[in-house]
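This report refers to the structure that appears directly beneath it.
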Amino acid sequence: MKRLVYGIFILLAVGISLAQQPAPPQYDAKRLLQSLKDHQRKIDQLRGQYSYRETAEFLTLDDQGNVTRRTVSDYKMFFVNTHPVRVLEHRNGQPLDEDAAASTREHLVKDTARAQRAAPGDSTDGTMSVWSLLETMKFTNPRHVQWQGRPTLLLDFASDPDIKSSGMAESVARRFHGQLWIDEQDWEVAHLESHLDDTMRWMGGIVLQVEKGSRVVMDQQRVNDEIWLPSKMDVEFSGRAFLLKGFRQVIHLRDDQYVKASNQQVAKLASGGR
């Protein structure tokens with residue numbers, strides 16, 4: 001269950017000072033996305049040289065907002081063929097036992113193979129990403145603001161009814177609306193806030209139902225004055241699974257310990273350290 005929900009939301013995969021300046025009333029969505037993607041392709045090789053730590057905290061809450069279950073997992077993150085690959089290293093502060101370590105190695109082999117086969121920029125597992133979210137959107141109300149002291153383009157986005165969904169990921173993505181902050185100097189997504197417009201149901205709600213109002217907030221940060229990498233994501237959602245008791249879950253992702261590695265070091269990570 002956790003893996004399903006985590007897979008859907010985890011790749012969502014991006015003090016606001018509203019010093020607004022005059023701007024056009026609308027923005028060409030296709031041109032915006034293409035320019036962002038073109039920039040990403042230019043720095044793919046540089047991104048592939050980086051690894052970092054990701055700490056994922058999963059909280060399950062009761063109806064009163066009390067935490068009933070907490071799990072913290074530490075991952076090593078790196079890129080294979082532009083795609084992020086995560087390797088579980090610790091759970092709840094403890095090293096993995098033999099069975100968990102073996103399972104992690106198996107997942108690493110499969111995830112690396114998928115990343116090598118997938119085209120750059122495509123999802124490797126069919127789940128929703130930042131791109132699948134933005135592909136289905138229209139952008140309005142562009143304005144120039146300051147975000148963390150840097151000139152930033154802020155836009156509102158909502159589902160574009162003229163764009164047809166192509167698969168489950170985009171069908172899920174088009175249920176969201178929100179705002180997008182783009183760093184104007186580096187042309188990178190610096191911040192993203194997204195909210196679920198309506199309740200989502202899988203198999204009529206029999207398998208999974210996620211309630212309206214669920215939200216995702218994502219940040220990236222500039223590293224070594226040369227590249228932007230994920231820094232944090234917060235996901236809050238509630239729903240019901242398999243017609244059983246409802247659930248409320250909060251996911252906090254925190255990224256740090258950015259390291260620039262050689263191609264040989266990245267290859268070693270992809271092979272499980274061997």
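How things are named: the first chain in the structure tokens is A, the next is B, and so on; residues count from 1 in each chain; ligands count from 1 in the order shown.
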
**Message:** If we count only C-alpha atoms and set the cut-off at 8 Å, which residues sit around region 217-228 of chain A, ignoring sequence neighbours fewer than 4 positions away in its own chain? Please answer as a ChimeraX atom specification.
**Reply:** /A:12-14,43,46-47,188-194,232-235,258

**Message:** Using only C-alpha atoms, which protein or nucleic acid residues come within 12 Å of region 54-69 of chain A? Drop anything in the same chain fewer than 6 positions from it, and give the result as a count of residues only.
**Reply:** 44

**Message:** Please compute the CA of Asp38 (chain A)-CA of Trp187 (chain A) distance, one decimal, in Å.
**Reply:** 10.1 Å

**Request:** Would you work out the distance separating CA of Gly48 (chain A) from CA of Lys260 (chain A), expressed in Å to one decimal?
**Result:**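 Separation between CA of Gly48 (chain A) and CA of Lys260 (chain A): 8.9 Å.
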
**Request:** Counting only C-alpha atoms, figure out which residue out of A:Leu36, A:Val145, A:Ala119, A:Gln49 gets nearest to Val259 (chain A).
**Result:**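 Looking at the shortest contact to Val259 (chain A), the residue is A:Gln49.
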
**Asked** Near Glu184 (chain A), within 7 Å and counting only C-alpha atoms, which residues show up once chain neighbours fewer than 3 positions away are dropped, as a list in words?
**Response** Pro151, Thr152, Leu153 and Trp187 of chain A

**Message:** Need the shell around Ser103 (chain A): protein/DNA/RNA residues with any atom at most 12 Å away, counting only C-alpha atoms. Skip same-chain ones fewer than 5 positions apart. Format as an NGL selection string?
**Reply:** :A and (87-89 or 96-98 or 108-110 or 272)

Just the selected residues (N, CA and C atoms), exported as a compact mmCIF listing (two decimals), in the first residue's frame, please.
# COMPACT_ATOMS: atom_id res chain seq x y z
N VAL A 87 18.44 4.02 -3.43
CA VAL A 87 18.89 2.79 -2.78
C VAL A 87 18.67 2.93 -1.28
N LEU A 88 17.86 2.07 -0.71
CA LEU A 88 17.58 2.10 0.73
C LEU A 88 18.83 1.71 1.51
N GLU A 89 19.21 2.55 2.50
CA GLU A 89 20.40 2.27 3.30
C GLU A 89 20.08 2.02 4.77
N LEU A 96 20.09 -2.19 7.46
CA LEU A 96 19.16 -3.19 6.95
C LEU A 96 19.59 -4.59 7.39
N ASP A 97 18.60 -5.44 7.69
CA ASP A 97 18.94 -6.83 7.98
C ASP A 97 19.23 -7.55 6.67
N GLU A 98 19.59 -8.80 6.75
CA GLU A 98 20.05 -9.53 5.57
C GLU A 98 18.97 -9.61 4.49
N LEU A 108 17.59 -2.53 -6.88
CA LEU A 108 18.60 -1.69 -7.52
C LEU A 108 18.90 -2.18 -8.93
N VAL A 109 19.05 -3.48 -9.08
CA VAL A 109 19.33 -4.06 -10.40
C VAL A 109 18.18 -3.74 -11.36
N LYS A 110 16.94 -3.95 -10.91
CA LYS A 110 15.77 -3.70 -11.75
C LYS A 110 15.61 -2.22 -12.08
N GLY A 272 25.57 -1.47 -6.89
CA GLY A 272 25.40 -1.86 -5.51
C GLY A 272 26.68 -1.78 -4.70
